[in-house]
Amino acid sequence: MSDAPIGRFLEISVQAPDIRESLSFYETLGFEQLLVGEVWPYPYAVVTDGRLYIGLHAQRIREPTLTFVLPDLRARLGTLESLGIDFDELQVGTDVFNHATFLDPNDQRVCLVEARTFSPPSLDAYKPTTCGYFTEYGIPVRDPTAASAFWEPLGFVAMEEAREPFPRTELTSNYLNLAFYRSRALRHPVLTFQDEDMRERLARLRERGMPLSDEMPDALDDRLNGVLIAPEGTRLLLMQVDS
């Protein structure tokens, strides 16, 4: 697959009022900090495991945001609008860093920027963390069909809905997988990690005093699954997967 009409995935952007605290949290889990540019007029940091990139912004980000790099953004706005995109924030010009934002049908915010805001890692290899293997960005939805119809023209491919361990519809792309979770218990997007022995990983996290929650789909056994909450509020769903 070529790059999607909204560009190439850059990061999941979150507001982190205390960036040092958030950095310490992720680095303790095994994430690596990357070199960032000076695009944003406030403190900014990025951590990665080689698959997932989390942008920690000291301000501006209202909720977890999917950020993509779309070169020549200004010239491509018309094409995106023809696909049904209604921009709620737009900053384009010759003397500014061009970026634009919009919401999907489930109020998931998306940001498009004209260039990278951090340097890619020197090696394109996956670096294991205590969380397990990052698989997808999970979005709570009520109507996965409508959500899929919005995202597919933007370069994502929807799979058939899975029923186990809970109803979910996965959408794949070159650089990021999304998933629509149908669960009344889940109220926030989650970064989903999987492992064959998540029970042991959760035990290690509890021993270290990490903040774990059971805010996850009801079908998941809280002895084998859990939600790790980062200092800035990001939810990391740690899920048991059968071998």
# chains A, B, ... in the order shown; residues from 1 in each chain; ligands from 1
>>> residues_around(residues="A:Phe166", least_positions_apart="4", cutoff="8 Å", atoms="only C-alpha atoms", output="NGL selection string")
:A and (162 or 181-183 or 217 or 219-220)
>>> write_last_selection(atoms="N, CA and C atoms", output="CSV table (one decimal), in the first residue's frame")
chain,number,residue,atom,x,y,z
A,162,ALA,N,-14.5,-8.8,14.7
A,162,ALA,CA,-14.2,-10.0,15.5
A,162,ALA,C,-15.1,-10.0,16.7
A,181,TYR,N,-13.6,-0.4,19.1
A,181,TYR,CA,-14.0,-1.2,20.2
A,181,TYR,C,-15.5,-0.9,20.6
A,182,ARG,N,-16.3,-1.9,20.6
A,182,ARG,CA,-17.7,-1.8,21.0
A,182,ARG,C,-17.8,-2.2,22.5
A,183,SER,N,-17.7,-1.3,23.4
A,183,SER,CA,-17.7,-1.6,24.8
A,183,SER,C,-18.2,-0.4,25.6
A,217,PRO,N,-12.9,-3.3,28.3
A,217,PRO,CA,-14.0,-4.1,28.0
A,217,PRO,C,-14.3,-5.2,29.0
A,219,ALA,N,-15.5,-8.0,28.9
A,219,ALA,CA,-15.2,-9.4,28.6
A,219,ALA,C,-13.8,-9.8,29.0
A,220,LEU,N,-12.9,-8.8,29.3
A,220,LEU,CA,-11.5,-9.1,29.6
A,220,LEU,C,-11.4,-9.4,31.1
>>> residues_around(residues="A:Val141", least_positions_apart="4", cutoff="12 Å", atoms="only C-alpha atoms", output="VMD selection string")
chain A and resid 104 to 108 145 to 148 167 to 169 178 to 189
>>> closest_residue(among="A:Gly78, A:Thr117, A:Tyr44, A:Val39", to="A:Val96", atoms="only C-alpha atoms")
A:Val39
>>> closest_residue(among="A:Arg76, A:Arg51, A:Arg109, A:Arg60", to="A:Gln15", atoms="only C-alpha atoms")
A:Arg60
>>> select_by_dssp(residues="stretch 118-240 of chain A", states="helix (DSSP H, G or I)", output="number ranges by chain")
A: 144-154, 198-207
>>> write_last_selection(atoms="N, CA and C atoms", output="PDB file, in the first residue's frame")
ATOM      1  N   PRO A 144     -19.485   0.868  14.349  1.00  0.00           N
ATOM      2  CA  PRO A 144     -18.232   0.613  13.631  1.00  0.00           C
ATOM      3  C   PRO A 144     -18.374   0.697  12.116  1.00  0.00           C
ATOM      4  N   THR A 145     -19.564   0.440  11.606  1.00  0.00           N
ATOM      5  CA  THR A 145     -19.766   0.523  10.156  1.00  0.00           C
ATOM      6  C   THR A 145     -19.592   1.951   9.659  1.00  0.00           C
ATOM      7  N   ALA A 146     -20.205   2.897  10.365  1.00  0.00           N
ATOM      8  CA  ALA A 146     -20.065   4.309   9.984  1.00  0.00           C
ATOM      9  C   ALA A 146     -18.622   4.775  10.159  1.00  0.00           C
ATOM     10  N   ALA A 147     -17.973   4.317  11.220  1.00  0.00           N
ATOM     11  CA  ALA A 147     -16.581   4.698  11.453  1.00  0.00           C
ATOM     12  C   ALA A 147     -15.683   4.166  10.341  1.00  0.00           C
ATOM     13  N   SER A 148     -15.912   2.904   9.937  1.00  0.00           N
ATOM     14  CA  SER A 148     -15.111   2.316   8.856  1.00  0.00           C
ATOM     15  C   SER A 148     -15.328   3.060   7.548  1.00  0.00           C
ATOM     16  N   ALA A 149     -16.586   3.448   7.275  1.00  0.00           N
ATOM     17  CA  ALA A 149     -16.904   4.157   6.030  1.00  0.00           C
ATOM     18  C   ALA A 149     -16.176   5.499   5.971  1.00  0.00           C
ATOM     19  N   PHE A 150     -15.917   6.101   7.124  1.00  0.00           N
ATOM     20  CA  PHE A 150     -15.187   7.364   7.152  1.00  0.00           C
ATOM     21  C   PHE A 150     -13.701   7.143   6.901  1.00  0.00           C
ATOM     22  N   TRP A 151     -13.125   6.113   7.523  1.00  0.00           N
ATOM     23  CA  TRP A 151     -11.675   5.927   7.489  1.00  0.00           C
ATOM     24  C   TRP A 151     -11.168   5.212   6.237  1.00  0.00           C
ATOM     25  N   GLU A 152     -11.973   4.380   5.624  1.00  0.00           N
ATOM     26  CA  GLU A 152     -11.468   3.616   4.465  1.00  0.00           C
ATOM     27  C   GLU A 152     -11.041   4.511   3.305  1.00  0.00           C
ATOM     28  N   PRO A 153     -11.777   5.569   2.950  1.00  0.00           N
ATOM     29  CA  PRO A 153     -11.298   6.443   1.870  1.00  0.00           C
ATOM     30  C   PRO A 153      -9.992   7.164   2.204  1.00  0.00           C
ATOM     31  N   LEU A 154      -9.634   7.168   3.490  1.00  0.00           N
ATOM     32  CA  LEU A 154      -8.410   7.849   3.916  1.00  0.00           C
ATOM     33  C   LEU A 154      -7.197   6.931   3.907  1.00  0.00           C
ATOM     34  N   MET A 198       0.714 -11.924  29.759  1.00  0.00           N
ATOM     35  CA  MET A 198       0.489 -10.583  30.296  1.00  0.00           C
ATOM     36  C   MET A 198       0.312 -10.609  31.810  1.00  0.00           C
ATOM     37  N   ARG A 199      -0.139 -11.744  32.358  1.00  0.00           N
ATOM     38  CA  ARG A 199      -0.292 -11.834  33.807  1.00  0.00           C
ATOM     39  C   ARG A 199       1.039 -11.516  34.511  1.00  0.00           C
ATOM     40  N   GLU A 200       2.124 -12.091  33.998  1.00  0.00           N
ATOM     41  CA  GLU A 200       3.437 -11.864  34.604  1.00  0.00           C
ATOM     42  C   GLU A 200       3.859 -10.403  34.448  1.00  0.00           C
ATOM     43  N   ARG A 201       3.587  -9.823  33.281  1.00  0.00           N
ATOM     44  CA  ARG A 201       3.946  -8.422  33.063  1.00  0.00           C
ATOM     45  C   ARG A 201       3.167  -7.516  34.015  1.00  0.00           C
ATOM     46  N   LEU A 202       1.885  -7.791  34.199  1.00  0.00           N
ATOM     47  CA  LEU A 202       1.069  -6.995  35.111  1.00  0.00           C
ATOM     48  C   LEU A 202       1.573  -7.118  36.546  1.00  0.00           C
ATOM     49  N   ALA A 203       1.979  -8.322  36.923  1.00  0.00           N
ATOM     50  CA  ALA A 203       2.503  -8.533  38.274  1.00  0.00           C
ATOM     51  C   ALA A 203       3.757  -7.687  38.501  1.00  0.00           C
ATOM     52  N   ARG A 204       4.635  -7.622  37.506  1.00  0.00           N
ATOM     53  CA  ARG A 204       5.850  -6.820  37.635  1.00  0.00           C
ATOM     54  C   ARG A 204       5.517  -5.328  37.761  1.00  0.00           C
ATOM     55  N   LEU A 205       4.513  -4.899  37.008  1.00  0.00           N
ATOM     56  CA  LEU A 205       4.111  -3.501  37.067  1.00  0.00           C
ATOM     57  C   LEU A 205       3.515  -3.159  38.429  1.00  0.00           C
ATOM     58  N   ARG A 206       2.720  -4.066  38.969  1.00  0.00           N
ATOM     59  CA  ARG A 206       2.131  -3.824  40.297  1.00  0.00           C
ATOM     60  C   ARG A 206       3.219  -3.768  41.368  1.00  0.00           C
ATOM     61  N   GLU A 207       4.216  -4.625  41.248  1.00  0.00           N
ATOM     62  CA  GLU A 207       5.316  -4.620  42.218  1.00  0.00           C
ATOM     63  C   GLU A 207       6.057  -3.289  42.211  1.00  0.00           C
TER      64      GLU A 207
END
>>> residues_around(residues="A:Arg116", least_positions_apart="4", cutoff="10 Å", atoms="only C-alpha atoms", output="list in words")
Arg8, Phe9, Leu10, Glu11, Val36, Gly37, Val39, Phe68, Val69, Leu70, Pro71 and Pro120 of chain A
>>> residues_around(residues="A:Val227", least_positions_apart="2", cutoff="10 Å", atoms="only C-alpha atoms", output="MDAnalysis selection string")
chainID A and resid 190:193 202 211:216 222 225 229:230 234:239
>>> write_last_selection(atoms="N, CA and C atoms", output="PDB file, in the first residue's frame")
ATOM      1  N   VAL A 190      -7.454   3.890  23.643  1.00  0.00           N
ATOM      2  CA  VAL A 190      -6.383   3.160  24.328  1.00  0.00           C
ATOM      3  C   VAL A 190      -5.292   2.767  23.333  1.00  0.00           C
ATOM      4  N   LEU A 191      -4.065   2.694  23.833  1.00  0.00           N
ATOM      5  CA  LEU A 191      -2.957   2.118  23.087  1.00  0.00           C
ATOM      6  C   LEU A 191      -2.897   0.654  23.502  1.00  0.00           C
ATOM      7  N   THR A 192      -3.149  -0.251  22.580  1.00  0.00           N
ATOM      8  CA  THR A 192      -3.296  -1.660  22.940  1.00  0.00           C
ATOM      9  C   THR A 192      -2.001  -2.436  22.701  1.00  0.00           C
ATOM     10  N   PHE A 193      -1.569  -3.120  23.746  1.00  0.00           N
ATOM     11  CA  PHE A 193      -0.388  -3.977  23.698  1.00  0.00           C
ATOM     12  C   PHE A 193      -0.824  -5.410  24.012  1.00  0.00           C
ATOM     13  N   LEU A 202       1.885  -7.791  34.199  1.00  0.00           N
ATOM     14  CA  LEU A 202       1.069  -6.995  35.111  1.00  0.00           C
ATOM     15  C   LEU A 202       1.573  -7.118  36.546  1.00  0.00           C
ATOM     16  N   PRO A 211       0.370   2.633  38.175  1.00  0.00           N
ATOM     17  CA  PRO A 211      -1.076   2.837  38.309  1.00  0.00           C
ATOM     18  C   PRO A 211      -1.870   2.013  37.298  1.00  0.00           C
ATOM     19  N   LEU A 212      -2.517   0.950  37.749  1.00  0.00           N
ATOM     20  CA  LEU A 212      -3.300   0.073  36.884  1.00  0.00           C
ATOM     21  C   LEU A 212      -4.789   0.234  37.177  1.00  0.00           C
ATOM     22  N   SER A 213      -5.591   0.119  36.124  1.00  0.00           N
ATOM     23  CA  SER A 213      -7.034   0.280  36.237  1.00  0.00           C
ATOM     24  C   SER A 213      -7.723  -0.891  35.530  1.00  0.00           C
ATOM     25  N   ASP A 214      -9.010  -1.110  35.868  1.00  0.00           N
ATOM     26  CA  ASP A 214      -9.791  -2.135  35.166  1.00  0.00           C
ATOM     27  C   ASP A 214     -10.755  -1.487  34.176  1.00  0.00           C
ATOM     28  N   GLU A 215     -10.441  -0.274  33.741  1.00  0.00           N
ATOM     29  CA  GLU A 215     -11.269   0.451  32.773  1.00  0.00           C
ATOM     30  C   GLU A 215     -11.040  -0.130  31.367  1.00  0.00           C
ATOM     31  N   MET A 216     -11.684  -1.260  31.113  1.00  0.00           N
ATOM     32  CA  MET A 216     -11.477  -1.983  29.856  1.00  0.00           C
ATOM     33  C   MET A 216     -12.741  -2.762  29.533  1.00  0.00           C
ATOM     34  N   ASP A 222      -9.687  -9.387  34.508  1.00  0.00           N
ATOM     35  CA  ASP A 222      -8.726  -8.444  35.078  1.00  0.00           C
ATOM     36  C   ASP A 222      -7.542  -9.123  35.749  1.00  0.00           C
ATOM     37  N   ASN A 225      -5.500  -9.078  32.233  1.00  0.00           N
ATOM     38  CA  ASN A 225      -5.514  -7.856  31.437  1.00  0.00           C
ATOM     39  C   ASN A 225      -5.619  -6.657  32.366  1.00  0.00           C
ATOM     40  N   ILE A 229      -2.211   3.622  33.306  1.00  0.00           N
ATOM     41  CA  ILE A 229      -2.529   5.031  33.069  1.00  0.00           C
ATOM     42  C   ILE A 229      -1.272   5.870  33.252  1.00  0.00           C
ATOM     43  N   ALA A 230      -0.873   6.551  32.179  1.00  0.00           N
ATOM     44  CA  ALA A 230       0.316   7.395  32.210  1.00  0.00           C
ATOM     45  C   ALA A 230       0.031   8.672  32.995  1.00  0.00           C
ATOM     46  N   THR A 234      -2.896   9.165  29.426  1.00  0.00           N
ATOM     47  CA  THR A 234      -2.957   8.203  28.323  1.00  0.00           C
ATOM     48  C   THR A 234      -3.224   6.803  28.865  1.00  0.00           C
ATOM     49  N   ARG A 235      -4.163   6.088  28.226  1.00  0.00           N
ATOM     50  CA  ARG A 235      -4.498   4.723  28.635  1.00  0.00           C
ATOM     51  C   ARG A 235      -3.757   3.714  27.773  1.00  0.00           C
ATOM     52  N   LEU A 236      -3.062   2.773  28.418  1.00  0.00           N
ATOM     53  CA  LEU A 236      -2.371   1.693  27.729  1.00  0.00           C
ATOM     54  C   LEU A 236      -3.066   0.388  28.117  1.00  0.00           C
ATOM     55  N   LEU A 237      -3.782  -0.217  27.180  1.00  0.00           N
ATOM     56  CA  LEU A 237      -4.481  -1.485  27.432  1.00  0.00           C
ATOM     57  C   LEU A 237      -3.499  -2.636  27.234  1.00  0.00           C
ATOM     58  N   LEU A 238      -3.244  -3.372  28.309  1.00  0.00           N
ATOM     59  CA  LEU A 238      -2.320  -4.506  28.279  1.00  0.00           C
ATOM     60  C   LEU A 238      -3.158  -5.771  28.245  1.00  0.00           C
ATOM     61  N   MET A 239      -3.117  -6.489  27.122  1.00  0.00           N
ATOM     62  CA  MET A 239      -4.072  -7.551  26.867  1.00  0.00           C
ATOM     63  C   MET A 239      -3.389  -8.896  26.660  1.00  0.00           C
TER      64      MET A 239
END
>>> select_by_dssp(residues="stretch 5-187 of chain A", states="strand (DSSP E)", output="VMD selection string")
chain A and resid 8 to 15 32 to 34 44 to 48 53 to 57 65 to 69 87 to 91 99 to 103 109 to 113 133 to 140 157 to 158 168 to 172 178 to 181
>>> closest_residue(among="A:Ile6, A:Ile12, A:Leu103, A:Cys131", to="A:Phe31", atoms="only C-alpha atoms")
A:Cys131
